[in-house]
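Source file protein_7.txt; content: compact mmCIF, C-alpha atoms and all ligand atoms.
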# COMPACT_ATOMS: atom_id res chain seq x y z
CA MET D 1 12.86 -10.36 15.83
CA ASN D 2 9.13 -10.26 15.35
CA VAL D 3 8.45 -8.24 12.20
CA TYR D 4 5.75 -8.68 9.60
CA ILE D 5 7.32 -9.05 6.23
CA GLY D 6 6.01 -10.21 2.88
CA ALA D 7 5.57 -9.40 -0.78
CA HIS D 8 2.97 -8.82 -3.43
CA MET D 9 1.57 -12.27 -4.31
CA SER D 10 -0.28 -13.57 -7.36
CA ILE D 11 -3.95 -14.59 -7.08
CA SER D 12 -3.91 -16.43 -10.42
CA LYS D 13 -4.42 -19.85 -8.75
CA GLY D 14 -7.10 -18.53 -6.41
CA PHE D 15 -7.07 -16.55 -3.17
CA HIS D 16 -6.92 -19.77 -1.15
CA GLU D 17 -3.41 -20.57 -2.48
CA VAL D 18 -1.89 -17.29 -1.25
CA PRO D 19 -1.37 -18.13 2.46
CA SER D 20 0.72 -21.26 1.79
CA ASN D 21 2.63 -19.54 -1.04
CA THR D 22 3.42 -16.78 1.46
CA ARG D 23 5.00 -19.23 3.90
CA LYS D 24 7.01 -20.76 1.02
CA ILE D 25 8.91 -17.48 0.58
CA ASN D 26 9.62 -17.19 4.35
CA ALA D 27 7.04 -14.43 4.68
CA ASN D 28 4.34 -14.00 7.34
CA THR D 29 2.12 -11.51 5.52
CA PHE D 30 1.33 -10.48 1.94
CA GLN D 31 -0.28 -8.04 -0.46
CA ILE D 32 -2.70 -9.03 -3.26
CA PHE D 33 -4.81 -7.38 -5.92
CA PRO D 34 -8.54 -8.16 -5.50
CA GLN D 35 -8.80 -8.61 -9.28
CA SER D 36 -6.74 -8.04 -12.39
CA PRO D 37 -5.36 -4.51 -11.79
CA ARG D 38 -5.72 -3.25 -15.36
CA ILE D 39 -9.28 -4.21 -16.26
CA TRP D 40 -12.53 -2.93 -14.78
CA LYS D 41 -14.26 -6.27 -14.51
CA ASN D 42 -14.19 -8.11 -11.19
CA LYS D 43 -15.81 -11.09 -9.58
CA LEU D 44 -16.77 -11.68 -5.96
CA PRO D 45 -15.12 -14.94 -4.79
CA ASP D 46 -17.79 -17.55 -4.04
CA LEU D 47 -18.46 -18.63 -0.46
CA GLU D 48 -16.55 -21.89 -0.90
CA GLU D 49 -13.44 -20.01 -2.05
CA SER D 50 -13.59 -17.47 0.76
CA LYS D 51 -14.10 -20.22 3.35
CA LEU D 52 -11.04 -22.06 2.06
CA PHE D 53 -9.02 -18.81 2.04
CA LYS D 54 -9.91 -18.11 5.68
CA GLU D 55 -9.14 -21.70 6.72
CA ASN D 56 -5.74 -21.48 5.05
CA MET D 57 -5.02 -18.11 6.70
CA ARG D 58 -5.57 -19.76 10.09
CA LYS D 59 -3.66 -22.88 9.14
CA GLU D 60 -0.64 -20.81 8.06
CA ASP D 61 -1.05 -18.51 11.08
CA ILE D 62 -1.27 -15.27 9.08
CA SER D 63 -3.08 -12.31 10.71
CA PHE D 64 -5.98 -10.96 8.66
CA ASP D 65 -5.21 -7.41 9.74
CA LYS D 66 -1.54 -7.53 8.66
CA VAL D 67 -2.50 -8.23 5.04
CA LEU D 68 -3.03 -5.53 2.42
CA VAL D 69 -5.24 -5.53 -0.67
CA HIS D 70 -4.01 -3.12 -3.37
CA SER D 71 -6.84 -1.67 -5.44
CA SER D 72 -6.77 -1.72 -9.22
CA TYR D 73 -4.70 0.89 -11.09
CA LEU D 74 -7.68 2.10 -13.11
CA VAL D 75 -9.42 3.68 -10.14
CA ASN D 76 -9.11 7.49 -10.24
CA LEU D 77 -11.38 9.10 -7.66
CA ALA D 78 -10.04 12.55 -8.64
CA SER D 79 -10.82 12.32 -12.34
CA PRO D 80 -12.48 15.44 -13.79
CA ARG D 81 -14.21 13.09 -16.25
CA GLU D 82 -17.46 12.20 -14.51
CA ASP D 83 -17.83 8.87 -16.37
CA VAL D 84 -14.36 7.73 -15.24
CA ARG D 85 -14.96 8.90 -11.69
CA GLU D 86 -18.29 7.08 -11.48
CA LYS D 87 -16.75 3.90 -12.85
CA SER D 88 -13.92 4.25 -10.32
CA ILE D 89 -16.30 4.62 -7.40
CA LYS D 90 -18.35 1.61 -8.49
CA SER D 91 -15.23 -0.44 -9.00
CA LEU D 92 -13.82 0.51 -5.59
CA ILE D 93 -17.08 -0.54 -3.92
CA SER D 94 -16.92 -3.98 -5.60
CA GLN D 95 -13.26 -4.32 -4.67
CA ILE D 96 -14.12 -3.55 -1.05
CA ASN D 97 -16.81 -6.22 -1.20
CA ILE D 98 -14.07 -8.69 -2.18
CA VAL D 99 -11.88 -7.54 0.75
CA SER D 100 -14.86 -8.02 3.04
CA ARG D 101 -15.70 -11.47 1.69
CA LEU D 102 -12.11 -12.56 2.36
CA GLY D 103 -12.36 -11.31 5.95
CA LEU D 104 -9.57 -8.76 5.40
CA LYS D 105 -9.41 -5.20 6.70
CA TYR D 106 -7.14 -2.91 4.68
CA ILE D 107 -7.50 -1.70 1.10
CA ASN D 108 -4.75 0.50 -0.36
CA ILE D 109 -5.54 3.12 -2.99
CA HIS D 110 -3.54 5.63 -4.99
CA PRO D 111 -5.41 8.85 -4.18
CA GLY D 112 -5.77 9.87 -7.85
CA SER D 113 -4.71 12.29 -10.58
CA TYR D 114 -6.39 15.63 -11.19
CA LEU D 115 -5.39 15.74 -14.90
CA TYR D 116 -6.70 18.95 -16.51
CA SER D 117 -8.53 20.17 -13.35
CA THR D 118 -6.76 21.48 -10.21
CA LEU D 119 -5.16 19.89 -7.16
CA GLU D 120 -7.81 21.51 -4.98
CA GLU D 121 -10.69 20.08 -7.03
CA GLY D 122 -8.97 16.71 -7.13
CA ILE D 123 -8.61 16.53 -3.35
CA ASP D 124 -12.24 17.48 -2.91
CA LYS D 125 -13.41 14.83 -5.38
CA ILE D 126 -11.38 12.11 -3.64
CA ALA D 127 -12.77 12.96 -0.19
CA LYS D 128 -16.36 12.99 -1.49
CA ALA D 129 -15.85 9.70 -3.31
CA ILE D 130 -14.44 8.07 -0.16
CA ASP D 131 -17.48 9.20 1.83
CA PHE D 132 -19.80 7.76 -0.81
CA VAL D 133 -17.90 4.47 -0.83
CA PHE D 134 -17.99 4.11 2.98
CA ASN D 135 -21.70 4.91 3.01
CA GLN D 136 -22.22 1.99 0.60
CA THR D 137 -20.10 -0.42 2.65
CA ASP D 138 -21.81 -2.66 5.21
CA ASP D 139 -18.59 -4.11 6.62
CA LYS D 140 -17.59 -1.67 9.37
CA ASN D 141 -14.19 -3.31 9.79
CA ILE D 142 -12.84 -2.04 6.45
CA GLU D 143 -10.26 0.76 6.40
CA ILE D 144 -8.88 2.63 3.39
CA LEU D 145 -5.16 3.37 3.24
CA LEU D 146 -3.95 6.19 1.01
CA GLU D 147 -0.57 5.45 -0.55
CA ASN D 148 2.00 8.21 -1.03
CA VAL D 149 2.76 8.29 -4.74
CA ALA D 150 5.71 9.45 -6.84
CA LYS D 151 5.95 13.16 -7.60
CA LYS D 152 4.99 12.76 -11.23
CA GLY D 153 2.41 14.38 -13.53
CA THR D 154 -0.79 15.41 -11.73
CA ASN D 155 -0.59 12.69 -9.06
CA ILE D 156 -2.21 13.60 -5.74
CA GLY D 157 -0.61 12.31 -2.54
CA VAL D 158 3.05 13.09 -3.26
CA ASN D 159 3.47 14.54 0.25
CA PHE D 160 1.79 14.17 3.64
CA LYS D 161 0.05 17.53 3.44
CA GLU D 162 -1.98 16.31 0.45
CA LEU D 163 -2.83 13.04 2.22
CA LYS D 164 -3.86 15.04 5.28
CA ASP D 165 -6.08 17.35 3.22
CA ILE D 166 -7.97 14.34 1.82
CA ILE D 167 -8.43 12.73 5.24
CA ASP D 168 -9.49 16.04 6.82
CA ARG D 169 -12.31 16.39 4.32
CA THR D 170 -13.81 12.92 4.75
CA ALA D 171 -16.48 12.10 7.29
CA PHE D 172 -14.74 8.77 7.99
CA LYS D 173 -11.44 9.93 9.51
CA ASN D 174 -11.37 6.99 11.92
CA LYS D 175 -11.31 4.58 8.95
CA MET D 176 -8.45 6.24 7.10
CA GLY D 177 -4.75 5.46 7.24
CA ILE D 178 -1.69 5.57 5.01
CA THR D 179 0.77 3.23 3.35
CA TYR D 180 4.29 4.62 3.01
CA ASP D 181 6.03 3.51 -0.19
CA THR D 182 9.80 3.95 0.19
CA CYS D 183 10.43 4.23 -3.58
CA HIS D 184 7.69 6.82 -4.08
CA GLY D 185 8.86 8.72 -0.99
CA PHE D 186 12.46 8.74 -2.26
CA ASP D 187 11.06 10.02 -5.59
CA SER D 188 9.43 12.87 -3.68
CA ASN D 189 12.70 13.74 -1.92
CA TYR D 190 12.17 11.96 1.42
CA ASP D 191 15.52 10.43 2.32
CA ILE D 192 15.58 7.44 4.70
CA THR D 193 19.26 6.52 4.62
CA THR D 194 20.40 8.19 7.87
CA ASP D 195 18.90 8.04 11.38
CA GLU D 196 18.33 11.77 11.21
CA SER D 197 16.40 11.61 7.93
CA VAL D 198 14.20 8.78 9.25
CA GLU D 199 13.43 10.80 12.41
CA ASN D 200 12.64 13.75 10.20
CA LEU D 201 10.27 11.70 8.00
CA LEU D 202 8.43 10.27 11.01
CA ASP D 203 8.15 13.74 12.55
CA ILE D 204 6.50 15.04 9.37
CA ILE D 205 4.07 12.10 9.28
CA ASP D 206 3.26 12.63 12.95
CA LYS D 207 2.77 16.35 12.57
CA GLU D 208 0.58 16.14 9.47
CA LEU D 209 -1.40 12.96 10.13
CA GLY D 210 -0.55 11.48 13.51
CA ILE D 211 1.86 8.55 13.44
CA LYS D 212 -0.99 6.09 14.23
CA ARG D 213 -2.26 6.52 10.68
CA LEU D 214 0.85 4.80 9.34
CA LYS D 215 -0.41 1.23 8.84
CA MET D 216 1.77 -0.35 6.14
CA ILE D 217 5.13 0.01 4.40
CA HIS D 218 5.77 -0.72 0.72
CA LEU D 219 9.42 -1.68 0.90
CA ASN D 220 10.89 -0.88 -2.51
CA ASP D 221 14.27 0.30 -3.65
CA SER D 222 14.45 2.95 -6.38
CA LYS D 223 16.10 2.74 -9.81
CA PHE D 224 16.58 6.53 -9.75
CA PRO D 225 18.26 8.97 -7.32
CA LEU D 226 16.61 10.99 -4.54
CA GLY D 227 13.93 13.38 -5.83
CA ALA D 228 13.84 11.97 -9.37
CA GLY D 229 10.05 11.44 -9.49
CA LYS D 230 10.32 8.51 -11.90
CA ASP D 231 8.42 5.79 -10.02
CA ARG D 232 10.65 2.89 -11.02
CA HIS D 233 10.92 0.22 -8.31
CA GLU D 234 14.18 -1.67 -7.93
CA CYS D 235 14.89 -4.92 -6.06
CA PHE D 236 15.78 -4.55 -2.39
CA GLY D 237 19.47 -3.76 -2.08
CA ASP D 238 20.11 -3.05 -5.78
CA GLY D 239 18.90 0.53 -6.10
CA ASN D 240 19.68 4.07 -5.10
CA ILE D 241 18.31 3.82 -1.56
CA ALA D 242 20.64 0.92 -0.74
CA LYS D 243 23.59 2.80 -2.24
CA ARG D 244 23.07 6.04 -0.33
CA ASN D 245 24.65 6.62 3.13
CA GLU D 246 23.65 3.69 5.38
CA GLY D 247 21.05 2.37 2.91
CA PHE D 248 17.87 0.86 4.35
CA LYS D 249 19.33 0.15 7.80
CA PRO D 250 18.28 3.36 9.61
CA PHE D 251 14.72 2.94 8.33
CA LEU D 252 14.38 -0.75 9.13
CA ARG D 253 15.89 -0.54 12.61
CA ASN D 254 13.47 2.22 13.63
CA LYS D 255 10.98 1.02 16.27
CA ILE D 256 7.93 2.63 14.67
CA ILE D 257 8.77 1.26 11.23
CA ARG D 258 9.29 -2.21 12.73
CA SER D 259 5.82 -2.15 14.25
CA VAL D 260 4.03 -2.10 10.86
CA PRO D 261 4.09 -4.71 8.06
CA TRP D 262 6.68 -4.43 5.24
CA LEU D 263 5.59 -5.47 1.77
CA LEU D 264 7.92 -5.85 -1.20
CA GLU D 265 6.63 -4.62 -4.56
CA THR D 266 9.92 -5.18 -6.27
CA PRO D 267 10.46 -6.69 -9.73
CA GLY D 268 10.70 -10.48 -9.91
CA ASP D 269 8.79 -13.58 -8.87
CA ASP D 270 8.23 -15.40 -5.56
CA GLU D 271 11.70 -16.96 -5.70
CA LYS D 272 13.30 -13.52 -6.08
CA HIS D 273 11.18 -12.14 -3.21
CA LYS D 274 12.28 -15.04 -1.04
CA GLU D 275 15.92 -14.08 -1.68
CA GLU D 276 15.13 -10.44 -0.84
CA ILE D 277 13.54 -11.42 2.46
CA ILE D 278 16.67 -13.41 3.33
CA LYS D 279 18.76 -10.36 2.35
CA ILE D 280 16.71 -8.05 4.59
CA LYS D 281 17.01 -10.38 7.55
CA SER D 282 20.74 -10.82 7.13
CA LEU D 283 21.25 -7.06 6.69
CA MET D 284 19.49 -6.52 10.00
CA GLY D 285 21.28 -9.43 11.67
CA TRP D 286 18.05 -11.37 12.36
ZN ZN D 301 0.61 1.32 -5.21
ZN ZN D 302 3.58 1.01 -3.50

Represent the structure contained in this file as structure tokens.
Ligand SMILES: [Zn+2]
Ligand SMILES: [Zn+2]
Amino acid sequence: MNVYIGAHMSISKGFHEVPSNTRKINANTFQIFPQSPRIWKNKLPDLEESKLFKENMRKEDISFDKVLVHSSYLVNLASPREDVREKSIKSLISQINIVSRLGLKYINIHPGSYLYSTLEEGIDKIAKAIDFVFNQTDDKNIEILLENVAKKGTNIGVNFKELKDIIDRTAFKNKMGITYDTCHGFDSNYDITTDESVENLLDIIDKELGIKRLKMIHLNDSKFPLGAGKDRHECFGDGNIAKRNEGFKPFLRNKIIRSVPWLLETPGDDEKHKEEIIKIKSLMGW
């Protein structure tokens, strides 16, 4: 079975180490942060480092366009605080420059939180920020993926209507896609544990956005039950998605889902992720 499956990998030993570490956990793709996710500062990898990274990608036979870069958690393009929003835009531009230097294509962002403003204002701010960012980006290959987030606080992007509203307002619709996070979706009441519920989810995505915008899956189980809105990831097979009805099977055997990369963002290290990948394959009989 030819699926793309991987996990979030550390960049602490350099980007160039990631491709071989990916193969060590039986994966064929990966997700990385472009920088430390909780500080503003970032550094463009030098040309030597990016050359080595690209060589190792080819050596390990990993496709550049199956890999995802997850932007830093500090970025909030919807912030009503102008200083934070400006910092976020600047930071996102430098993070995209890192993606470009590595020869990668997709950067994943959490749309943002509107805090003490309104959802409407937040959506507008995000779309305008995205336009500004694309106008500052020379690399025309780059695409931004909006991640669905847990229904919590003033998060934007808890359903596909909100993601659609953002995309509709940008001038760069052909460079926008989405990442579907199974834990966040479960938090927002999207069940995936029966064939019917999976069909239903894909119908909603298709109706709101067009199914082609679905580019990546964050494959996470949830510590809390359907609709809880807690945003607590659990290891694959140990959480409330696995326990409900047929668990992950209906989702993972779906043809559309199988055509996009699956990335684990579950607790634990590389060794744990390796075990989870084995678990997924044995569950699916691969
Ligand atoms: Zn995320
Ligand atoms: Zn995620």

I'd like the neighbourhood of Phe53 in chain D as a tab-separated table (two decimals) with C-alpha atoms, keeping the file's coordinate frame, where a residue qualifies if any of its atoms comes within 7 Å (using all atoms listed in the file), though same-chain residues fewer than 2 positions away should be ignored.
chain	number	residue	atom	x	y	z
D	15	PHE	CA	-7.07	-16.55	-3.17
D	16	HIS	CA	-6.92	-19.77	-1.15
D	49	GLU	CA	-13.44	-20.01	-2.05
D	50	SER	CA	-13.59	-17.47	0.76
D	51	LYS	CA	-14.10	-20.22	3.35
D	55	GLU	CA	-9.14	-21.70	6.72
D	56	ASN	CA	-5.74	-21.48	5.05
D	57	MET	CA	-5.02	-18.11	6.70
D	102	LEU	CA	-12.11	-12.56	2.36

Go through the chains and note each residue within 12 Å of ligand ZN 301 (chain D), using all atoms listed in the file, then give the set as a PyMOL selection string.
-> chain D and resi 8+31-33+37+68-75+107-112+145-150+157+178-185+216-220+231-233+263-266

CA of Pro250 in chain D to CA of Glu196 in chain D, distance in Å rounded to a single decimal |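 For CA of Pro250 in chain D relative to CA of Glu196 in chain D, the distance reads 8.6 Å.
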
From the list D:Asn42, D:Ala129, D:Glu121, D:Asn97, which residue is nearest Pro80 in chain D when using only C-alpha atoms?
->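 Among D:Asn42, D:Ala129, D:Glu121, D:Asn97, it is D:Glu121 that comes nearest to Pro80 in chain D.
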
Which residue, D:Lys140, D:Lys272, D:Arg85, D:Lys255, has the smallest gap to Leu202 in chain D when you use only C-alpha atoms?
->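 Nearest candidate to Leu202 in chain D out of D:Lys140, D:Lys272, D:Arg85, D:Lys255: D:Lys255.
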
What gap, in Å, lies between CA of Asp168 in chain D and CA of Ser117 in chain D?
->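 Separation between CA of Asp168 in chain D and CA of Ser117 in chain D: 20.6 Å.
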
Can you tell me, as a VMD selection string, what residues are no more than 8 Å from Leu104 in chain D when counting only C-alpha atoms, ignoring any on the same chain fewer than 2 positions away?
-> chain D and resid 64 to 65 67 to 68 99 to 102 106 142

With a distance cut-off of 10 Å and all atoms listed in the file, select the neighbouring residues of range 274-281 of chain D, excluding the residue or stretch itself and same-chain residues fewer than 2 positions from it, and output the selection as a ChimeraX atom specification.
-> /D:1,3,5-7,22-27,235-237,248-249,252,263-264,266,269-272,283-286

Expected answer as a ChimeraX atom specification: all residues with atoms within 12 Å of (-13.5, 8.4, 5.4), only C-alpha atoms = /D:126-137,140,142-146,164-177

Got a sec: who's within 12 Å of Val84 in chain D, counting only C-alpha atoms, leaving out chain neighbours fewer than 5 positions off, as a list in words?
-> Trp40, Leu74, Val75, Asn76, Leu77, Ala78, Ser79, Ile89, Lys90, Ser91, Gly112, Ser113 and Tyr114 of chain D

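Distance-wise, CA of Ile11 in chain D and CA of Asn28 in chain D end up 16.6 Å apart.
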
Counting only C-alpha atoms, the residue of D:Gly268, D:Pro34, D:Ile192, D:Leu163 that sits nearest Asn240 in chain D |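 Closest to Asn240 in chain D of all the choices is D:Ile192.
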
Min atom-atom distance to Asn189 in chain D from the set D:Ala242, D:Ile256, D:Ala228, D:Ile62, counting all atoms listed in the file, belongs to D:Ala228

Proximity to Asp139 in chain D - best of D:Thr154, D:Leu214, D:Ile93, D:Ser259, only C-alpha atoms =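 Between D:Thr154, D:Leu214, D:Ile93, D:Ser259, the residue approaching Asp139 in chain D most closely is D:Ile93.
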
Kindly complete range 139-168 of chain D to N, CA and C atoms; the output should be written as an mmCIF file, in the coordinates of the input.
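The resulting file, rebuild_28.cif, is shown below:
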data_model
loop_
_atom_site.group_PDB
_atom_site.id
_atom_site.type_symbol
_atom_site.label_atom_id
_atom_site.label_comp_id
_atom_site.auth_asym_id
_atom_site.auth_seq_id
_atom_site.Cartn_x
_atom_site.Cartn_y
_atom_site.Cartn_z
ATOM 1 N N ASP D 139 -19.621 -3.583 5.740
ATOM 2 C CA ASP D 139 -18.590 -4.110 6.620
ATOM 3 C C ASP D 139 -17.869 -2.958 7.330
ATOM 4 N N LYS D 140 -18.134 -2.801 8.614
ATOM 5 C CA LYS D 140 -17.590 -1.670 9.370
ATOM 6 C C LYS D 140 -16.125 -1.847 9.763
ATOM 7 N N ASN D 141 -15.583 -3.024 9.460
ATOM 8 C CA ASN D 141 -14.190 -3.310 9.790
ATOM 9 C C ASN D 141 -13.202 -2.736 8.761
ATOM 10 N N ILE D 142 -13.713 -2.448 7.574
ATOM 11 C CA ILE D 142 -12.840 -2.040 6.450
ATOM 12 C C ILE D 142 -12.216 -0.654 6.677
ATOM 13 N N GLU D 143 -10.919 -0.553 6.386
ATOM 14 C CA GLU D 143 -10.260 0.760 6.400
ATOM 15 C C GLU D 143 -9.551 0.998 5.071
ATOM 16 N N ILE D 144 -9.557 2.254 4.634
ATOM 17 C CA ILE D 144 -8.880 2.630 3.390
ATOM 18 C C ILE D 144 -7.541 3.263 3.717
ATOM 19 N N LEU D 145 -6.477 2.769 3.063
ATOM 20 C CA LEU D 145 -5.160 3.370 3.240
ATOM 21 C C LEU D 145 -4.784 4.129 1.969
ATOM 22 N N LEU D 146 -4.411 5.387 2.137
ATOM 23 C CA LEU D 146 -3.950 6.190 1.010
ATOM 24 C C LEU D 146 -2.451 5.981 0.876
ATOM 25 N N GLU D 147 -2.002 5.653 -0.326
ATOM 26 C CA GLU D 147 -0.570 5.450 -0.550
ATOM 27 C C GLU D 147 0.076 6.756 -1.025
ATOM 28 N N ASN D 148 1.238 7.084 -0.464
ATOM 29 C CA ASN D 148 2.000 8.210 -1.030
ATOM 30 C C ASN D 148 2.514 7.782 -2.394
ATOM 31 N N VAL D 149 2.369 8.659 -3.378
ATOM 32 C CA VAL D 149 2.760 8.290 -4.740
ATOM 33 C C VAL D 149 3.937 9.142 -5.208
ATOM 34 N N ALA D 150 4.546 8.725 -6.327
ATOM 35 C CA ALA D 150 5.710 9.450 -6.840
ATOM 36 C C ALA D 150 5.289 10.836 -7.326
ATOM 37 N N LYS D 151 6.192 11.795 -7.140
ATOM 38 C CA LYS D 151 5.950 13.160 -7.600
ATOM 39 C C LYS D 151 6.078 13.161 -9.114
ATOM 40 N N LYS D 152 4.979 12.998 -9.785
ATOM 41 C CA LYS D 152 4.990 12.760 -11.230
ATOM 42 C C LYS D 152 3.649 13.210 -11.801
ATOM 43 N N GLY D 153 3.654 13.964 -12.874
ATOM 44 C CA GLY D 153 2.410 14.380 -13.530
ATOM 45 C C GLY D 153 1.481 15.104 -12.579
ATOM 46 N N THR D 154 0.189 14.738 -12.596
ATOM 47 C CA THR D 154 -0.790 15.410 -11.730
ATOM 48 C C THR D 154 -1.224 14.502 -10.573
ATOM 49 N N ASN D 155 -0.319 13.576 -10.197
ATOM 50 C CA ASN D 155 -0.590 12.690 -9.060
ATOM 51 C C ASN D 155 -0.914 13.484 -7.795
ATOM 52 N N ILE D 156 -1.904 13.022 -7.061
ATOM 53 C CA ILE D 156 -2.210 13.600 -5.740
ATOM 54 C C ILE D 156 -1.721 12.624 -4.672
ATOM 55 N N GLY D 157 -1.122 13.173 -3.612
ATOM 56 C CA GLY D 157 -0.610 12.310 -2.540
ATOM 57 C C GLY D 157 0.889 12.138 -2.624
ATOM 58 N N VAL D 158 1.588 13.162 -3.138
ATOM 59 C CA VAL D 158 3.050 13.090 -3.260
ATOM 60 C C VAL D 158 3.722 13.550 -1.970
ATOM 61 N N ASN D 159 2.936 14.163 -1.073
ATOM 62 C CA ASN D 159 3.470 14.540 0.250
ATOM 63 C C ASN D 159 2.366 14.341 1.295
ATOM 64 N N PHE D 160 2.743 14.493 2.572
ATOM 65 C CA PHE D 160 1.790 14.170 3.640
ATOM 66 C C PHE D 160 0.730 15.247 3.828
ATOM 67 N N LYS D 161 1.033 16.451 3.372
ATOM 68 C CA LYS D 161 0.050 17.530 3.440
ATOM 69 C C LYS D 161 -1.151 17.182 2.546
ATOM 70 N N GLU D 162 -0.882 16.672 1.360
ATOM 71 C CA GLU D 162 -1.980 16.310 0.450
ATOM 72 C C GLU D 162 -2.797 15.138 1.008
ATOM 73 N N LEU D 163 -2.101 14.169 1.615
ATOM 74 C CA LEU D 163 -2.830 13.040 2.220
ATOM 75 C C LEU D 163 -3.685 13.543 3.381
ATOM 76 N N LYS D 164 -3.126 14.463 4.156
ATOM 77 C CA LYS D 164 -3.860 15.040 5.280
ATOM 78 C C LYS D 164 -5.117 15.794 4.797
ATOM 79 N N ASP D 165 -4.950 16.575 3.729
ATOM 80 C CA ASP D 165 -6.080 17.350 3.220
ATOM 81 C C ASP D 165 -7.242 16.441 2.786
ATOM 82 N N ILE D 166 -6.915 15.292 2.208
ATOM 83 C CA ILE D 166 -7.970 14.340 1.820
ATOM 84 C C ILE D 166 -8.671 13.823 3.076
ATOM 85 N N ILE D 167 -7.861 13.334 4.026
ATOM 86 C CA ILE D 167 -8.430 12.730 5.240
ATOM 87 C C ILE D 167 -9.275 13.761 6.014
ATOM 88 N N ASP D 168 -8.762 14.987 6.101
ATOM 89 C CA ASP D 168 -9.490 16.040 6.820
ATOM 90 C C ASP D 168 -10.876 16.303 6.254
#
